[in-house]
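What follows is a short report on a single structure.
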Amino acid sequence: FVVGAALLVQSVTSFLLTRLLSVEAQHLISVLRAQMQKHIIRLPIGFFDENKSGALVSRIMNDVEGVRNLVGTGLVQLVGGIITAVVALVLLIRINGEMTLYAFAPIVVFGLISMKAFAYIRPIFRKRGAISAEVTGRVTETLGGIRVIKGFGAEGQEDVVFEGGVNRVFQNVKESLTATSLITSLATLLMGLTSVIIMGVGGSMIIDGQMTVGDFVAFTLYLAFLISPIVQMSNIGTQITEAFAGLDRMEEILALPVEGAESGRTVRLDTVKGDIRFENVCFAYEEGKDVLHDVSFEAPAGSVTALVGSSGSGKSTAAGLAASFRKPTRGRVLVDGHDLATVDLEGYRRQLGVVLQDEFLFEGTIRENIRFPRPDATDEQVNAAVDAAHVREFADRFDDGLDTLIGERGVKLSGGQRQRIAIARAILADARILLLDEATSSLDNESEALIQKSLAELMAGRTTIVIAHRLSTIRRADQILVMEDGRIMERGTHEELIAREGRYYDLYTYQARI
């Protein structure tokens, strides 16, 4: 009865402890993933330019997985093994200290070798995480560009790239398995070597009368209790080493400074008038290779400033600086007289409305995408933005109207339809500063005419920076800046620039002929 009760208690407590630690491990993983996501999306734009989105997803989801080995059942086994080994060691010393010393010597050697092996394996596990993230990033790109792949019949090419990636993962795993196999074989050798030593020394002591047969049998049993947990801990050690390797990669990300964390950002703009001024602004993506050279201009509150020029002239870069996506390498960008380098970014960007060249829509409905900048907006406010951007014109053709699912990145919509949703989103944001980068580039002539009227209403009273290759769309701008090679070559109104017959005149007349 007593034995049965003890077994029952042991089973219940083991179940409760295992469940508690497993649940806590999963909870910790969830917390760490959320922490990683919060940190990553607050990193500067430059970080995302240099890292694949799929690789970052892998770092958020996979790098913290090893935590379960630190907090879960592995921890129970490790702690239990240590306690068992310590108790067994004390009992062995009480039976025969000299024999314990002989038995413990191979264990110490095994421990030192295991420490060296784990130190060798840890960088391998870190490298595996990097390779897995790279492969995941490539798969994400492949699925995102599936139309291009199928359009060029390049499935076989992608097969080769992916197979190369998974083979690199395999080679890494093979390398780590070699080291872990060495540890396992050493553990087997330890057990055999220790047994031989104890048999020889113990037999000699029994013959000399220094030890009884009963003590020898007890010593052998307790020695098994000492060796078994140590061998078990060697296996757990591999899991823990892998977990620490993942945490190392996680720490690399968390150590990166978030955007706007500079100590000098003390100015909070709860309200923005909208005066923008560039003072001798230079910018380089790579050191020593400026893409903007001493750019200076003023965009008064409520005015419309158009940036035009050939591709690569620096228009989008200048707009990005106004949005504080990047910081000038030299010079200043000021808003309402405040240097953007000193302004709290969170407060400032709440005053921005953005329509980017590559309009990005989230998977979900048309309504959810329009409501994105203001989740608490009323249906009346959403409908007003929908009407202003002429979204209803095409949304009503769908059975579900504004509640139509548009697919990943709006794949079920045309380019012009996606553009109008992006414009409606900016209208709903009701910002003081608007950045319209190629805002009508994906529209046909009929749609563009409808949008121009909406944009005119949207831009009234708001500072607007417009970038457009279609010069006919910016004739009413208060000032037009013609950029070439990162410099402002001409500035003025449409009529003034046409009269000068310079670079703007050439661009405009060329498009008119087309």
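Residues are referred to by chain and number: the chain letter is A, B, ... according to the order shown in the structure tokens, the number counts from 1 in that chain, and ligands are numbered separately from 1 in the order shown.
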Legend entry - segment 373-502 of chain A: residues DSSP assigns to alpha helix (DSSP H), reported as JSON, numbers by chain: {"A": [379, 380, 381, 382, 383, 384, 385, 386, 387, 388, 392, 393, 394, 395, 415, 416, 417, 418, 419, 420, 421, 422, 423, 424, 425, 426, 427, 428, 429, 445, 446, 447, 448, 449, 450, 451, 452, 453, 454, 455, 456, 457, 458, 459, 494, 495, 496, 497, 498, 499, 500]}
Determine, using only C-alpha atoms, which residues of segment 257-309 of chain A have any atom at most 8 Å from an atom of segment 326-349 of chain A, and tabulate each with its shortest atom pair and distance in Å to one decimal place, rows ordered by chain and then rising number, as a Markdown table.
```
| residue | atom | partner | partner_atom | distance |
| --- | --- | --- | --- | --- |
| A:Gly260 | CA | A:Leu345 | CA | 6.1 |
| A:Gly264 | CA | A:Thr342 | CA | 5.4 |
| A:Arg265 | CA | A:Thr342 | CA | 4.0 |
| A:Thr266 | CA | A:Thr342 | CA | 5.9 |
| A:Val267 | CA | A:Val343 | CA | 4.6 |
| A:Arg268 | CA | A:Asp344 | CA | 5.1 |
| A:Leu269 | CA | A:Tyr348 | CA | 5.8 |
| A:Asp270 | CA | A:Gly347 | CA | 6.1 |
| A:Val272 | CA | A:Asp336 | CA | 7.1 |
| A:Lys273 | CA | A:Asp336 | CA | 6.5 |
| A:Gly274 | CA | A:Asp336 | CA | 6.2 |
| A:Asp275 | CA | A:Asp336 | CA | 4.8 |
| A:Ile276 | CA | A:Val335 | CA | 4.7 |
| A:Arg277 | CA | A:Leu334 | CA | 5.1 |
| A:Phe278 | CA | A:Val333 | CA | 4.7 |
| A:Glu279 | CA | A:Arg332 | CA | 5.2 |
| A:Asn280 | CA | A:Gly331 | CA | 4.9 |
| A:Val281 | CA | A:Gly331 | CA | 4.2 |
| A:Cys282 | CA | A:Arg330 | CA | 5.0 |
| A:Phe283 | CA | A:Thr329 | CA | 4.9 |
| A:Ala284 | CA | A:Thr329 | CA | 6.6 |
| A:Asp294 | CA | A:Gly331 | CA | 7.6 |
```
Those residues with N, CA and C atoms, as a PDB file, in the first residue's frame please?
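Result went into again_22.pdb, see below:
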```pdb
ATOM      1  N   GLY A 260      14.767  56.514 -33.426  1.00  0.00           N
ATOM      2  CA  GLY A 260      14.334  57.609 -32.556  1.00  0.00           C
ATOM      3  C   GLY A 260      14.787  57.486 -31.123  1.00  0.00           C
ATOM      4  N   GLY A 264      18.917  63.040 -28.082  1.00  0.00           N
ATOM      5  CA  GLY A 264      18.573  64.424 -28.415  1.00  0.00           C
ATOM      6  C   GLY A 264      17.150  64.640 -28.871  1.00  0.00           C
ATOM      7  N   ARG A 265      16.358  63.588 -29.008  1.00  0.00           N
ATOM      8  CA  ARG A 265      14.983  63.753 -29.514  1.00  0.00           C
ATOM      9  C   ARG A 265      14.045  64.123 -28.347  1.00  0.00           C
ATOM     10  N   THR A 266      14.050  65.380 -28.024  1.00  0.00           N
ATOM     11  CA  THR A 266      13.276  65.861 -26.873  1.00  0.00           C
ATOM     12  C   THR A 266      12.067  66.692 -27.272  1.00  0.00           C
ATOM     13  N   VAL A 267      11.964  67.062 -28.542  1.00  0.00           N
ATOM     14  CA  VAL A 267      10.868  67.925 -28.992  1.00  0.00           C
ATOM     15  C   VAL A 267       9.682  67.060 -29.418  1.00  0.00           C
ATOM     16  N   ARG A 268       8.549  67.274 -28.796  1.00  0.00           N
ATOM     17  CA  ARG A 268       7.337  66.521 -29.163  1.00  0.00           C
ATOM     18  C   ARG A 268       6.349  67.468 -29.840  1.00  0.00           C
ATOM     19  N   LEU A 269       6.000  67.140 -31.075  1.00  0.00           N
ATOM     20  CA  LEU A 269       5.076  67.968 -31.850  1.00  0.00           C
ATOM     21  C   LEU A 269       3.683  67.358 -31.804  1.00  0.00           C
ATOM     22  N   ASP A 270       2.891  67.801 -30.835  1.00  0.00           N
ATOM     23  CA  ASP A 270       1.523  67.291 -30.746  1.00  0.00           C
ATOM     24  C   ASP A 270       0.652  67.889 -31.844  1.00  0.00           C
ATOM     25  N   VAL A 272       1.077  70.133 -35.630  1.00  0.00           N
ATOM     26  CA  VAL A 272       2.035  70.544 -36.654  1.00  0.00           C
ATOM     27  C   VAL A 272       1.376  71.546 -37.582  1.00  0.00           C
ATOM     28  N   LYS A 273       2.060  72.665 -37.788  1.00  0.00           N
ATOM     29  CA  LYS A 273       1.580  73.658 -38.746  1.00  0.00           C
ATOM     30  C   LYS A 273       1.883  73.196 -40.164  1.00  0.00           C
ATOM     31  N   GLY A 274       3.140  72.720 -40.376  1.00  0.00           N
ATOM     32  CA  GLY A 274       3.471  72.137 -41.671  1.00  0.00           C
ATOM     33  C   GLY A 274       4.545  72.840 -42.462  1.00  0.00           C
ATOM     34  N   ASP A 275       5.283  73.776 -41.851  1.00  0.00           N
ATOM     35  CA  ASP A 275       6.397  74.421 -42.558  1.00  0.00           C
ATOM     36  C   ASP A 275       7.579  73.450 -42.637  1.00  0.00           C
ATOM     37  N   ILE A 276       8.032  73.150 -43.848  1.00  0.00           N
ATOM     38  CA  ILE A 276       9.163  72.238 -44.041  1.00  0.00           C
ATOM     39  C   ILE A 276      10.295  73.005 -44.718  1.00  0.00           C
ATOM     40  N   ARG A 277      11.505  72.819 -44.198  1.00  0.00           N
ATOM     41  CA  ARG A 277      12.662  73.492 -44.799  1.00  0.00           C
ATOM     42  C   ARG A 277      13.861  72.547 -44.830  1.00  0.00           C
ATOM     43  N   PHE A 278      14.463  72.431 -46.004  1.00  0.00           N
ATOM     44  CA  PHE A 278      15.706  71.692 -46.180  1.00  0.00           C
ATOM     45  C   PHE A 278      16.847  72.701 -46.218  1.00  0.00           C
ATOM     46  N   GLU A 279      17.859  72.490 -45.380  1.00  0.00           N
ATOM     47  CA  GLU A 279      19.008  73.391 -45.332  1.00  0.00           C
ATOM     48  C   GLU A 279      20.282  72.626 -45.679  1.00  0.00           C
ATOM     49  N   ASN A 280      20.770  72.820 -46.916  1.00  0.00           N
ATOM     50  CA  ASN A 280      22.034  72.218 -47.363  1.00  0.00           C
ATOM     51  C   ASN A 280      22.108  70.723 -47.030  1.00  0.00           C
ATOM     52  N   VAL A 281      21.063  70.013 -47.397  1.00  0.00           N
ATOM     53  CA  VAL A 281      20.955  68.596 -47.042  1.00  0.00           C
ATOM     54  C   VAL A 281      21.748  67.724 -48.003  1.00  0.00           C
ATOM     55  N   CYS A 282      22.580  66.868 -47.420  1.00  0.00           N
ATOM     56  CA  CYS A 282      23.290  65.831 -48.176  1.00  0.00           C
ATOM     57  C   CYS A 282      22.911  64.478 -47.575  1.00  0.00           C
ATOM     58  N   PHE A 283      22.898  63.464 -48.419  1.00  0.00           N
ATOM     59  CA  PHE A 283      22.579  62.129 -47.916  1.00  0.00           C
ATOM     60  C   PHE A 283      23.293  61.088 -48.758  1.00  0.00           C
ATOM     61  N   ALA A 284      23.768  60.032 -48.071  1.00  0.00           N
ATOM     62  CA  ALA A 284      24.441  58.932 -48.755  1.00  0.00           C
ATOM     63  C   ALA A 284      23.977  57.611 -48.156  1.00  0.00           C
ATOM     64  N   ASP A 294      23.681  69.096 -51.151  1.00  0.00           N
ATOM     65  CA  ASP A 294      23.335  70.477 -50.761  1.00  0.00           C
ATOM     66  C   ASP A 294      21.944  70.890 -51.242  1.00  0.00           C
TER      67      ASP A 294
END
```
Inset, instruction - Tell me which protein, DNA and RNA residues are within 8 Å of Val86 of chain A, counting only C-alpha atoms, leaving out same-chain ones fewer than 4 positions away, and put them as an MDAnalysis selection string. - result: chainID A and resid 82 90 226
Legend entry - Residue neighbourhood Glu141 of chain A, 12 Å, only C-alpha atoms, exclusion window fewer than 3 positions, as a VMD selection string: chain A and resid 52 to 55 134 to 138 144 to 149 158 161 to 162
Inset, instruction - Would you work out the distance separating atom CA of Ala133 of chain A from atom CA of Asn51 of chain A, expressed in Å to one decimal? - result: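 Atom-to-atom, atom CA of Ala133 of chain A to atom CA of Asn51 of chain A, that is 10.2 Å.
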Inset, instruction - Write out as a ChimeraX atom specification which residues come within 12 Å of Ser132 of chain A when counting only C-alpha atoms, dropping same-chain ones fewer than 2 positions away. - result: /A:54-59,61-63,125-130,134-139,162,164-173,246
Legend entry - Nearest-residue call for Arg397 of chain A, choices A:Ala103, A:Ala187, A:Leu413, A:Gly192, using only C-alpha atoms: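 Smallest distance to Arg397 of chain A is found for A:Leu413.
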Inset, instruction - For Phe244 of chain A, work out the shell of residues within 10 Å, counting only C-alpha atoms and skipping chain neighbours fewer than 2 positions away, then give it as a list in words. - result: Asp63, Val64, Gly66, Val67, Asn69, Leu70, Arg122, Phe125, Arg126, Thr238, Gln239, Ile240, Thr241, Glu242, Gly246, Leu247, Asp248, Arg249 and Met250 of chain A
Dump C-alpha atoms for the selected residues as an mmCIF file, in the first residue's frame?
```
data_model
loop_
_atom_site.group_PDB
_atom_site.id
_atom_site.type_symbol
_atom_site.label_atom_id
_atom_site.label_comp_id
_atom_site.auth_asym_id
_atom_site.auth_seq_id
_atom_site.Cartn_x
_atom_site.Cartn_y
_atom_site.Cartn_z
ATOM 1 C CA ASP A 63 15.347 31.740 -32.466
ATOM 2 C CA VAL A 64 13.417 31.613 -29.200
ATOM 3 C CA GLY A 66 15.142 26.635 -27.642
ATOM 4 C CA VAL A 67 13.832 28.351 -24.514
ATOM 5 C CA ASN A 69 14.745 23.354 -23.176
ATOM 6 C CA LEU A 70 15.796 25.915 -20.575
ATOM 7 C CA ARG A 122 27.466 26.656 -29.938
ATOM 8 C CA PHE A 125 24.060 26.172 -33.817
ATOM 9 C CA ARG A 126 24.247 29.959 -34.296
ATOM 10 C CA THR A 238 23.373 19.765 -26.236
ATOM 11 C CA GLN A 239 19.790 21.048 -26.133
ATOM 12 C CA ILE A 240 20.717 23.848 -23.745
ATOM 13 C CA THR A 241 23.688 24.829 -25.926
ATOM 14 C CA GLU A 242 21.341 25.085 -28.903
ATOM 15 C CA GLY A 246 19.284 31.001 -30.359
ATOM 16 C CA LEU A 247 19.291 33.468 -27.477
ATOM 17 C CA ASP A 248 22.634 34.813 -28.721
ATOM 18 C CA ARG A 249 21.029 35.615 -32.085
ATOM 19 C CA MET A 250 18.066 37.137 -30.312
#
```
Legend entry - Among the residues A:Arg350, A:Arg409, A:Lys453, A:Arg68, the one that comes closest to Ser30 of chain A [using only C-alpha atoms]: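 Answer, going by the shortest atom-to-atom distance: A:Arg68.
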Inset, instruction - Please provide as a PyMOL selection string all residues within 7 Å of Ser313 of chain A, with the sequence filter that same-chain residues fewer than 3 positions apart are discarded (counting only C-alpha atoms). - result: chain A and resi 309-310+483-486
Please write the residues from the selection above to a file, keeping C-alpha atoms, as a tab-separated table (two decimals), in the first residue's frame.
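Output (out02.tsv):
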```
chain	number	residue	atom	x	y	z
A	309	GLY	CA	13.28	64.48	-62.55
A	310	SER	CA	14.54	61.32	-64.13
A	483	MET	CA	16.19	67.34	-59.61
A	484	GLU	CA	19.08	65.71	-61.43
A	485	ASP	CA	21.91	63.71	-59.90
A	486	GLY	CA	20.81	64.63	-56.39
```
Legend entry - Distance in Å - atom CA of Val108 of chain A versus atom CA of Met205 of chain A: 23.3 Å
Legend entry - Selected residue of minimal separation from Gln210 of chain A among A:Asn96, A:Ser311, A:Ser195, A:Ser316, counting only C-alpha atoms: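 Once distances to Gln210 of chain A are computed over only C-alpha atoms, the minimum belongs to A:Asn96.
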Inset, instruction - Quote the spacing between atom CA of Ile474 of chain A and atom CA of His494 of chain A in Å to one decimal place. - result: 8.1 Å
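Comparing the minimum interatomic distances between Asp290 of chain A and each of A:Ala477, A:Thr317, A:Tyr102, A:Val160, counting only C-alpha atoms, we find that A:Thr317 sits nearest.
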